[in-house]
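S.K.: To start, I am sharing the structure in question, which I have written as structure tokens.
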There are 2 protein chains.
Amino acid sequence: MTELRADPLRPHEQAVETPADFDAGVWFIGRIRTPWTRREECPKRGDSENGPVCRIEIFEPWTPALAGVEEKERLQILYWMHLSRRDAVRQNPNFGGGSIGTFAIRSPLRPNPIASSVVRLLAVEGAVLTVRGLDCLDGTPLIDVKPEFGVFT
Amino acid sequence: MTELRADPLRPHEQAVETPADFDAGVWFIGRIRTPWTRREECPKRGDSENGPVCRIEIFEPWTPALAGVEEKERLQILYWMHLSRRDAVRQNPNFGGGSIGTFAIRSPLRPNPIASSVVRLLAVEGAVLTVRGLDCLDGTPLIDVKPEFGVFT
């Protein structure tokens, strides 16, 4: 299991005591490779048109699940923001004079630090997807890949 | 921890031996209440305009994280499909003559059974959100609420 991180709270932020036990477990099914090695470098949001090309490496035993992915233009990627503290319920993302609830913002600090991005698929080679549209740190754990069936389909 | 489920595989489907240990843990931060009590009743996709009104109940200690949510029109809801087997890498969703990889479809059967839906927020009363657009079973565990900032914003 990953440990819980604890970046310092900012003024007006609030953290809670978290439950002692988890309710379910996640497998890291792959790894995301991006140009960003420090959190401060990451864009706030990925750009599936003009963002840099990134790689998604799928681990065994999950690679057979890629069959047919090559036909999809847009994918929804779920990943685990492994460096985020998980106990913040009110946050002050812009160092302002107040705070806002975690569920009202898309901050990486969340009870379950799961991010969702929609990417454009450029290529599939073996167990590696090449995409545009990610915004996360190099080495971020992958937890799901699904076709996007919203307005982009 | 939730146990791993094992609905029978259909023809042409393939399952794998899953990793012995999980890599991270999830807290169930709430519960979703819908009209559907059997998986066969659930719609394939939620309808945020004309679908039934559903409720999202937030558990303690997470309710302070709702501050500001009432100002959002659209929310992205992540939930845990707790009845799905997690080892299927090729699936035959329509009982056809072949199969397709799990990452190429939005089936609930996934290594990490996390679903993402965009809903329309109707009201916030205490720890309960009233929304349209869900498609899951009554009692489904909630794992995240975020503002949707895509085309719907």
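Ordered as shown in the structure tokens, chains take letters A, B, and onward, while each chain numbers its residues from 1 and ligands are numbered from 1 in the order shown.
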Could you list, as a short mmCIF file (atom, residue, chain, number, x, y, z; two decimals) with N, CA, C and O atoms, in the first residue's frame, every residue of chain B that has an atom within 8 Å of an atom of chain A, counting only C-alpha atoms?
M.R.:
data_model
loop_
_atom_site.label_atom_id
_atom_site.label_comp_id
_atom_site.auth_asym_id
_atom_site.auth_seq_id
_atom_site.Cartn_x
_atom_site.Cartn_y
_atom_site.Cartn_z
N MET B 1 -11.71 -4.84 3.25
CA MET B 1 -11.58 -4.89 1.80
C MET B 1 -12.75 -5.67 1.18
O MET B 1 -13.20 -6.65 1.74
N THR B 2 -13.17 -5.23 0.05
CA THR B 2 -14.21 -5.98 -0.65
C THR B 2 -13.59 -7.23 -1.27
O THR B 2 -12.44 -7.25 -1.66
N VAL B 16 -7.46 -13.40 -16.22
CA VAL B 16 -6.05 -13.60 -15.85
C VAL B 16 -5.93 -13.81 -14.35
O VAL B 16 -6.86 -13.52 -13.59
N GLU B 17 -4.78 -14.30 -13.96
CA GLU B 17 -4.50 -14.40 -12.53
C GLU B 17 -4.10 -13.01 -12.03
O GLU B 17 -3.17 -12.40 -12.57
N THR B 18 -4.79 -12.53 -11.04
CA THR B 18 -4.56 -11.15 -10.60
C THR B 18 -3.41 -11.07 -9.60
O THR B 18 -3.07 -12.07 -8.95
N PRO B 19 -2.81 -9.88 -9.46
CA PRO B 19 -1.71 -9.71 -8.50
C PRO B 19 -2.15 -10.07 -7.09
O PRO B 19 -3.30 -9.85 -6.70
N ASP B 21 -1.24 -8.73 -4.23
CA ASP B 21 -1.41 -7.60 -3.32
C ASP B 21 -1.90 -6.36 -4.06
O ASP B 21 -1.52 -6.12 -5.20
N PHE B 22 -2.71 -5.57 -3.37
CA PHE B 22 -3.11 -4.28 -3.91
C PHE B 22 -1.98 -3.26 -3.74
O PHE B 22 -1.11 -3.41 -2.87
N ASP B 23 -2.02 -2.22 -4.57
CA ASP B 23 -0.99 -1.18 -4.52
C ASP B 23 -1.43 0.05 -3.76
O ASP B 23 -0.59 0.85 -3.35
N ALA B 24 -2.73 0.25 -3.61
CA ALA B 24 -3.24 1.41 -2.88
C ALA B 24 -4.65 1.09 -2.39
O ALA B 24 -5.28 0.13 -2.85
N GLY B 25 -5.14 1.88 -1.46
CA GLY B 25 -6.44 1.63 -0.87
C GLY B 25 -7.41 2.78 -1.11
O GLY B 25 -7.01 3.94 -1.21
N VAL B 26 -8.68 2.40 -1.22
CA VAL B 26 -9.75 3.36 -1.48
C VAL B 26 -10.68 3.41 -0.27
O VAL B 26 -10.98 2.38 0.33
N TRP B 27 -11.11 4.61 0.08
CA TRP B 27 -12.18 4.77 1.07
C TRP B 27 -13.50 5.00 0.35
O TRP B 27 -13.57 5.79 -0.59
N PHE B 28 -14.53 4.35 0.81
CA PHE B 28 -15.87 4.66 0.31
C PHE B 28 -16.34 5.91 1.07
O PHE B 28 -16.56 5.86 2.28
N ILE B 29 -16.49 7.01 0.35
CA ILE B 29 -16.77 8.31 0.99
C ILE B 29 -18.26 8.63 1.02
O ILE B 29 -18.65 9.68 1.51
N PRO B 61 -15.91 11.43 7.64
CA PRO B 61 -15.65 12.82 8.01
C PRO B 61 -15.57 13.77 6.81
O PRO B 61 -15.00 14.84 6.92
N TRP B 62 -16.19 13.40 5.69
CA TRP B 62 -15.93 14.11 4.44
C TRP B 62 -16.91 15.24 4.13
O TRP B 62 -16.73 15.95 3.15
N THR B 63 -17.97 15.41 4.92
CA THR B 63 -18.99 16.39 4.55
C THR B 63 -18.49 17.83 4.44
O THR B 63 -19.01 18.58 3.61
N PRO B 64 -17.46 18.26 5.22
CA PRO B 64 -17.00 19.64 5.01
C PRO B 64 -16.45 19.88 3.60
O PRO B 64 -16.39 21.03 3.15
N ALA B 65 -16.09 18.82 2.90
CA ALA B 65 -15.55 18.96 1.54
C ALA B 65 -16.62 19.35 0.53
O ALA B 65 -16.32 19.62 -0.63
N LEU B 66 -17.89 19.41 0.96
CA LEU B 66 -18.97 19.82 0.06
C LEU B 66 -19.08 21.34 -0.09
O LEU B 66 -19.82 21.82 -0.96
N ALA B 67 -18.36 22.10 0.72
CA ALA B 67 -18.51 23.57 0.69
C ALA B 67 -18.22 24.11 -0.70
O ALA B 67 -17.13 23.92 -1.24
N GLY B 68 -19.18 24.77 -1.28
CA GLY B 68 -19.02 25.35 -2.61
C GLY B 68 -19.57 24.49 -3.73
O GLY B 68 -19.74 24.96 -4.86
N VAL B 69 -19.87 23.24 -3.45
CA VAL B 69 -20.39 22.34 -4.50
C VAL B 69 -21.73 22.86 -5.04
O VAL B 69 -22.03 22.69 -6.23
N LYS B 72 -22.02 24.51 -8.46
CA LYS B 72 -21.64 23.81 -9.69
C LYS B 72 -22.87 23.22 -10.37
O LYS B 72 -23.73 22.64 -9.70
N ALA B 88 -11.15 -9.99 -15.79
CA ALA B 88 -11.47 -10.23 -17.20
C ALA B 88 -10.68 -9.26 -18.08
O ALA B 88 -10.80 -8.04 -17.95
N VAL B 89 -9.87 -9.79 -18.99
CA VAL B 89 -9.11 -8.93 -19.91
C VAL B 89 -9.71 -8.91 -21.31
O VAL B 89 -9.47 -7.98 -22.08
N ARG B 90 -10.47 -9.96 -21.66
CA ARG B 90 -11.21 -9.94 -22.93
C ARG B 90 -12.66 -10.26 -22.61
O ARG B 90 -12.95 -11.19 -21.85
N ILE B 100 -13.49 -8.64 -27.11
CA ILE B 100 -12.75 -7.39 -27.24
C ILE B 100 -12.07 -7.10 -25.90
O ILE B 100 -12.53 -7.56 -24.84
N GLY B 101 -10.97 -6.37 -25.96
CA GLY B 101 -10.22 -6.07 -24.74
C GLY B 101 -10.99 -5.17 -23.78
O GLY B 101 -11.73 -4.28 -24.21
N THR B 102 -10.80 -5.40 -22.52
CA THR B 102 -11.49 -4.64 -21.48
C THR B 102 -11.24 -3.14 -21.60
O THR B 102 -12.15 -2.33 -21.35
N PHE B 103 -10.03 -2.74 -22.02
CA PHE B 103 -9.73 -1.31 -22.10
C PHE B 103 -10.35 -0.65 -23.33
O PHE B 103 -10.28 0.58 -23.47
N ALA B 104 -10.97 -1.44 -24.21
CA ALA B 104 -11.63 -0.89 -25.40
C ALA B 104 -13.14 -0.76 -25.22
O ALA B 104 -13.84 -0.35 -26.14
N ILE B 105 -13.65 -1.11 -24.04
CA ILE B 105 -15.08 -0.98 -23.76
C ILE B 105 -15.27 -0.38 -22.36
O ILE B 105 -14.34 -0.38 -21.55
N ARG B 106 -16.48 0.10 -22.11
CA ARG B 106 -16.77 0.71 -20.81
C ARG B 106 -17.54 -0.25 -19.91
O ARG B 106 -18.31 0.18 -19.04
N ARG B 110 -13.60 -4.58 -14.78
CA ARG B 110 -12.32 -3.92 -15.03
C ARG B 110 -11.37 -4.27 -13.89
O ARG B 110 -11.82 -4.56 -12.78
N PRO B 111 -10.07 -4.15 -14.11
CA PRO B 111 -9.13 -4.42 -13.01
C PRO B 111 -9.43 -3.57 -11.78
O PRO B 111 -9.45 -4.09 -10.66
N ASN B 112 -9.67 -2.29 -12.00
CA ASN B 112 -10.13 -1.40 -10.93
C ASN B 112 -11.52 -0.92 -11.33
O ASN B 112 -11.65 -0.10 -12.25
N ILE B 114 -13.83 1.18 -11.41
CA ILE B 114 -14.19 2.57 -11.15
C ILE B 114 -14.96 3.11 -12.35
O ILE B 114 -14.49 3.03 -13.48
N ILE B 143 -16.77 7.14 -4.56
CA ILE B 143 -15.36 7.38 -4.24
C ILE B 143 -14.87 8.79 -4.54
O ILE B 143 -13.85 9.20 -4.01
N ASP B 144 -15.58 9.56 -5.37
CA ASP B 144 -15.16 10.95 -5.56
C ASP B 144 -16.28 11.78 -6.17
O ASP B 144 -17.16 11.25 -6.86
N VAL B 145 -16.23 13.09 -5.88
CA VAL B 145 -17.10 14.10 -6.48
C VAL B 145 -16.20 15.25 -6.90
O VAL B 145 -15.41 15.74 -6.06
N LYS B 146 -16.26 15.65 -8.16
CA LYS B 146 -15.45 16.78 -8.64
C LYS B 146 -16.33 17.62 -9.54
O LYS B 146 -17.23 17.09 -10.21
N PRO B 147 -16.04 18.93 -9.67
CA PRO B 147 -16.74 19.69 -10.70
C PRO B 147 -16.31 19.22 -12.08
O PRO B 147 -15.14 18.88 -12.28
#
S.K.: Based on DSSP run over this structure's backbone, return all residues of stretch 61-135 of chain B in helix (DSSP H, G or I), as a PyMOL selection string.
M.R.: chain B and resi 63-66+69-71+102-104
S.K.: In Å, rounded to a single decimal, give me how far atom CA of B:Asn92 is from atom CA of B:Ile32.
M.R.: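 Atom-to-atom, atom CA of B:Ile32 to atom CA of B:Asn92, that is 27.9 Å.
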S.K.: Would you pick out the contacts of B:Arg45 at 9 Å or less, using only C-alpha atoms, so that residues sharing its chain but fewer than 4 positions from it are not included, and give the list as number ranges by chain?
M.R.: B: 117, 133-136
S.K.: Atom CA of A:Ala123 and atom CA of A:Pro43, how far apart in Å?
M.R.: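 Separating atom CA of A:Pro43 from atom CA of A:Ala123 is a distance of 22.7 Å.
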S.K.: Identify, on the basis of only C-alpha atoms, every residue whose closest approach to B:Glu57 does not exceed 8 Å; exclude the query and any residue fewer than 5 positions from it along the same chain; express the result as a list of chain:residue names.
M.R.: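 In the requested form, the answer reads B:Gly30, B:Arg31, B:Ile32, B:Arg33, B:Ala127, B:Val128, B:Leu129.
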S.K.: Filtering to N, CA, C and O atoms, could you give me those residues as a CSV table (one decimal), in the first residue's frame?
M.R.:
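Everything below was put into again.csv:
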chain,number,residue,atom,x,y,z
B,30,GLY,N,-19.1,7.7,0.5
B,30,GLY,CA,-20.5,8.0,0.5
B,30,GLY,C,-21.2,6.8,-0.2
B,30,GLY,O,-20.6,5.8,-0.5
B,31,ARG,N,-22.5,7.0,-0.4
B,31,ARG,CA,-23.3,5.9,-1.0
B,31,ARG,C,-24.3,6.6,-2.0
B,31,ARG,O,-24.8,7.6,-1.7
B,32,ILE,N,-24.5,5.9,-3.1
B,32,ILE,CA,-25.4,6.4,-4.1
B,32,ILE,C,-26.7,5.7,-4.0
B,32,ILE,O,-26.8,4.4,-3.9
B,33,ARG,N,-27.8,6.4,-4.1
B,33,ARG,CA,-29.2,5.8,-4.0
B,33,ARG,C,-29.8,6.1,-5.4
B,33,ARG,O,-30.0,7.2,-5.8
B,127,ALA,N,-25.8,16.7,3.9
B,127,ALA,CA,-24.8,15.8,3.3
B,127,ALA,C,-25.3,15.1,2.1
B,127,ALA,O,-24.7,14.0,1.7
B,128,VAL,N,-26.4,15.5,1.5
B,128,VAL,CA,-27.0,14.8,0.4
B,128,VAL,C,-27.1,15.7,-0.8
B,128,VAL,O,-27.6,16.8,-0.8
B,129,LEU,N,-26.6,15.1,-2.0
B,129,LEU,CA,-26.7,15.8,-3.3
B,129,LEU,C,-27.9,15.1,-4.0
B,129,LEU,O,-28.0,13.9,-4.0
S.K.: To test your reading of the structure, identify every residue in chain A that backbone DSSP assigns to strand (DSSP E), and report it as a ChimeraX atom specification.
M.R.: /A:14-15,24-26,30-33,53-58,74-80,88-91,100-101,114-125,128-132,140-147
S.K.: Suppose we keep N, CA and C atoms; can you now write the selection as a short mmCIF file (atom, residue, chain, number, x, y, z; two decimals), in the first residue's frame?
M.R.:
data_model
loop_
_atom_site.label_atom_id
_atom_site.label_comp_id
_atom_site.auth_asym_id
_atom_site.auth_seq_id
_atom_site.Cartn_x
_atom_site.Cartn_y
_atom_site.Cartn_z
N GLN A 14 -8.38 22.89 5.87
CA GLN A 14 -8.83 22.02 6.97
C GLN A 14 -8.61 20.56 6.58
N ALA A 15 -8.05 19.81 7.51
CA ALA A 15 -7.88 18.37 7.30
C ALA A 15 -8.69 17.62 8.36
N ALA A 24 -11.56 -0.79 -0.11
CA ALA A 24 -11.28 -1.58 -1.32
C ALA A 24 -9.84 -1.30 -1.74
N GLY A 25 -9.33 -2.17 -2.60
CA GLY A 25 -7.95 -2.05 -3.04
C GLY A 25 -7.83 -1.80 -4.53
N VAL A 26 -6.78 -1.07 -4.89
CA VAL A 26 -6.52 -0.70 -6.28
C VAL A 26 -5.21 -1.36 -6.72
N GLY A 30 -0.37 0.06 -14.73
CA GLY A 30 0.61 0.57 -15.67
C GLY A 30 1.24 1.82 -15.11
N ARG A 31 1.99 2.49 -15.96
CA ARG A 31 2.75 3.67 -15.54
C ARG A 31 2.68 4.70 -16.65
N ILE A 32 2.55 5.96 -16.27
CA ILE A 32 2.45 7.05 -17.24
C ILE A 32 3.80 7.76 -17.32
N ARG A 33 4.27 7.97 -18.54
CA ARG A 33 5.53 8.68 -18.76
C ARG A 33 5.24 10.03 -19.39
N VAL A 53 3.57 14.80 -26.44
CA VAL A 53 3.29 13.37 -26.58
C VAL A 53 3.76 12.66 -25.31
N CYS A 54 2.88 11.84 -24.75
CA CYS A 54 3.20 11.09 -23.54
C CYS A 54 2.97 9.60 -23.80
N ARG A 55 3.51 8.77 -22.91
CA ARG A 55 3.39 7.33 -23.08
C ARG A 55 2.67 6.70 -21.89
N ILE A 56 1.85 5.72 -22.19
CA ILE A 56 1.18 4.94 -21.14
C ILE A 56 1.64 3.50 -21.30
N GLU A 57 2.35 2.99 -20.30
CA GLU A 57 2.89 1.63 -20.34
C GLU A 57 1.98 0.72 -19.52
N ILE A 58 1.45 -0.31 -20.15
CA ILE A 58 0.56 -1.25 -19.46
C ILE A 58 1.38 -2.41 -18.92
N ARG A 74 -10.35 8.64 -28.84
CA ARG A 74 -10.26 9.30 -27.54
C ARG A 74 -10.37 8.27 -26.44
N LEU A 75 -9.54 8.40 -25.45
CA LEU A 75 -9.58 7.50 -24.30
C LEU A 75 -9.71 8.32 -23.02
N GLN A 76 -10.42 7.74 -22.07
CA GLN A 76 -10.45 8.30 -20.72
C GLN A 76 -9.42 7.55 -19.88
N ILE A 77 -8.52 8.28 -19.27
CA ILE A 77 -7.44 7.70 -18.47
C ILE A 77 -7.68 8.03 -17.01
N LEU A 78 -7.69 7.01 -16.17
CA LEU A 78 -7.76 7.25 -14.72
C LEU A 78 -6.39 6.94 -14.12
N TYR A 79 -5.90 7.84 -13.31
CA TYR A 79 -4.60 7.60 -12.68
C TYR A 79 -4.61 8.02 -11.22
N TRP A 80 -3.61 7.56 -10.51
CA TRP A 80 -3.54 7.71 -9.06
C TRP A 80 -2.51 8.78 -8.72
N ALA A 88 -7.45 16.41 3.26
CA ALA A 88 -7.85 17.82 3.20
C ALA A 88 -9.30 17.92 2.73
N VAL A 89 -10.16 18.54 3.52
CA VAL A 89 -11.56 18.72 3.13
C VAL A 89 -11.87 20.15 2.69
N ARG A 90 -11.06 21.11 3.15
CA ARG A 90 -11.17 22.49 2.66
C ARG A 90 -9.79 22.91 2.20
N GLN A 91 -9.74 23.54 1.02
CA GLN A 91 -8.45 23.89 0.43
C GLN A 91 -8.42 25.36 0.01
N ILE A 100 -12.21 26.51 0.06
CA ILE A 100 -13.35 25.92 -0.62
C ILE A 100 -13.28 24.41 -0.40
N GLY A 101 -14.44 23.76 -0.47
CA GLY A 101 -14.48 22.32 -0.23
C GLY A 101 -13.77 21.54 -1.33
N ILE A 114 -7.79 10.14 -7.29
CA ILE A 114 -7.96 9.60 -8.64
C ILE A 114 -8.24 10.75 -9.59
N ALA A 115 -7.46 10.85 -10.65
CA ALA A 115 -7.66 11.87 -11.67
C ALA A 115 -8.20 11.22 -12.93
N SER A 116 -8.96 12.00 -13.69
CA SER A 116 -9.54 11.54 -14.94
C SER A 116 -9.16 12.52 -16.03
N SER A 117 -8.54 12.02 -17.11
CA SER A 117 -8.18 12.87 -18.24
C SER A 117 -8.68 12.23 -19.52
N VAL A 118 -9.07 13.06 -20.47
CA VAL A 118 -9.40 12.55 -21.80
C VAL A 118 -8.23 12.85 -22.73
N VAL A 119 -7.73 11.81 -23.39
CA VAL A 119 -6.56 11.97 -24.25
C VAL A 119 -6.89 11.55 -25.68
N ARG A 120 -6.07 12.04 -26.59
CA ARG A 120 -6.15 11.61 -27.99
C ARG A 120 -5.13 10.49 -28.19
N LEU A 121 -5.58 9.38 -28.73
CA LEU A 121 -4.69 8.24 -28.95
C LEU A 121 -3.96 8.42 -30.27
N LEU A 122 -2.63 8.36 -30.22
CA LEU A 122 -1.82 8.50 -31.43
C LEU A 122 -1.38 7.15 -31.96
N ALA A 123 -1.02 6.23 -31.08
CA ALA A 123 -0.52 4.93 -31.53
C ALA A 123 -0.55 3.92 -30.40
N VAL A 124 -0.64 2.64 -30.79
CA VAL A 124 -0.49 1.53 -29.84
C VAL A 124 0.62 0.65 -30.39
N GLU A 125 1.66 0.45 -29.59
CA GLU A 125 2.75 -0.45 -30.00
C GLU A 125 3.01 -1.39 -28.85
N VAL A 128 2.38 -0.34 -25.11
CA VAL A 128 2.57 1.09 -24.91
C VAL A 128 1.61 1.89 -25.78
N LEU A 129 0.87 2.79 -25.13
CA LEU A 129 0.02 3.75 -25.83
C LEU A 129 0.75 5.08 -25.91
N THR A 130 0.70 5.71 -27.07
CA THR A 130 1.22 7.06 -27.22
C THR A 130 0.02 7.99 -27.35
N VAL A 131 0.00 9.04 -26.53
CA VAL A 131 -1.19 9.91 -26.44
C VAL A 131 -0.78 11.37 -26.28
N ARG A 132 -1.74 12.25 -26.50
CA ARG A 132 -1.64 13.66 -26.11
C ARG A 132 -2.80 13.98 -25.17
N THR A 140 3.60 8.48 -12.86
CA THR A 140 2.31 8.37 -12.19
C THR A 140 1.67 7.00 -12.43
N PRO A 141 1.16 6.36 -11.39
CA PRO A 141 0.51 5.06 -11.57
C PRO A 141 -0.82 5.16 -12.33
N LEU A 142 -0.99 4.23 -13.26
CA LEU A 142 -2.21 4.14 -14.07
C LEU A 142 -3.20 3.21 -13.39
N ILE A 143 -4.50 3.57 -13.40
CA ILE A 143 -5.47 2.64 -12.84
C ILE A 143 -6.58 2.23 -13.79
N ASP A 144 -6.81 2.97 -14.88
CA ASP A 144 -7.79 2.48 -15.85
C ASP A 144 -7.62 3.20 -17.19
N VAL A 145 -8.05 2.50 -18.24
CA VAL A 145 -8.13 3.03 -19.60
C VAL A 145 -9.50 2.62 -20.13
N LYS A 146 -10.28 3.60 -20.61
CA LYS A 146 -11.61 3.31 -21.18
C LYS A 146 -11.79 4.16 -22.43
N PRO A 147 -12.59 3.71 -23.37
CA PRO A 147 -12.94 4.62 -24.46
C PRO A 147 -13.79 5.77 -23.94
#
S.K.: How many Å lie between atom CA of A:Leu137 and atom CA of A:Pro11, rounded to one decimal?
M.R.: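 These atoms are spaced 25.6 Å apart.
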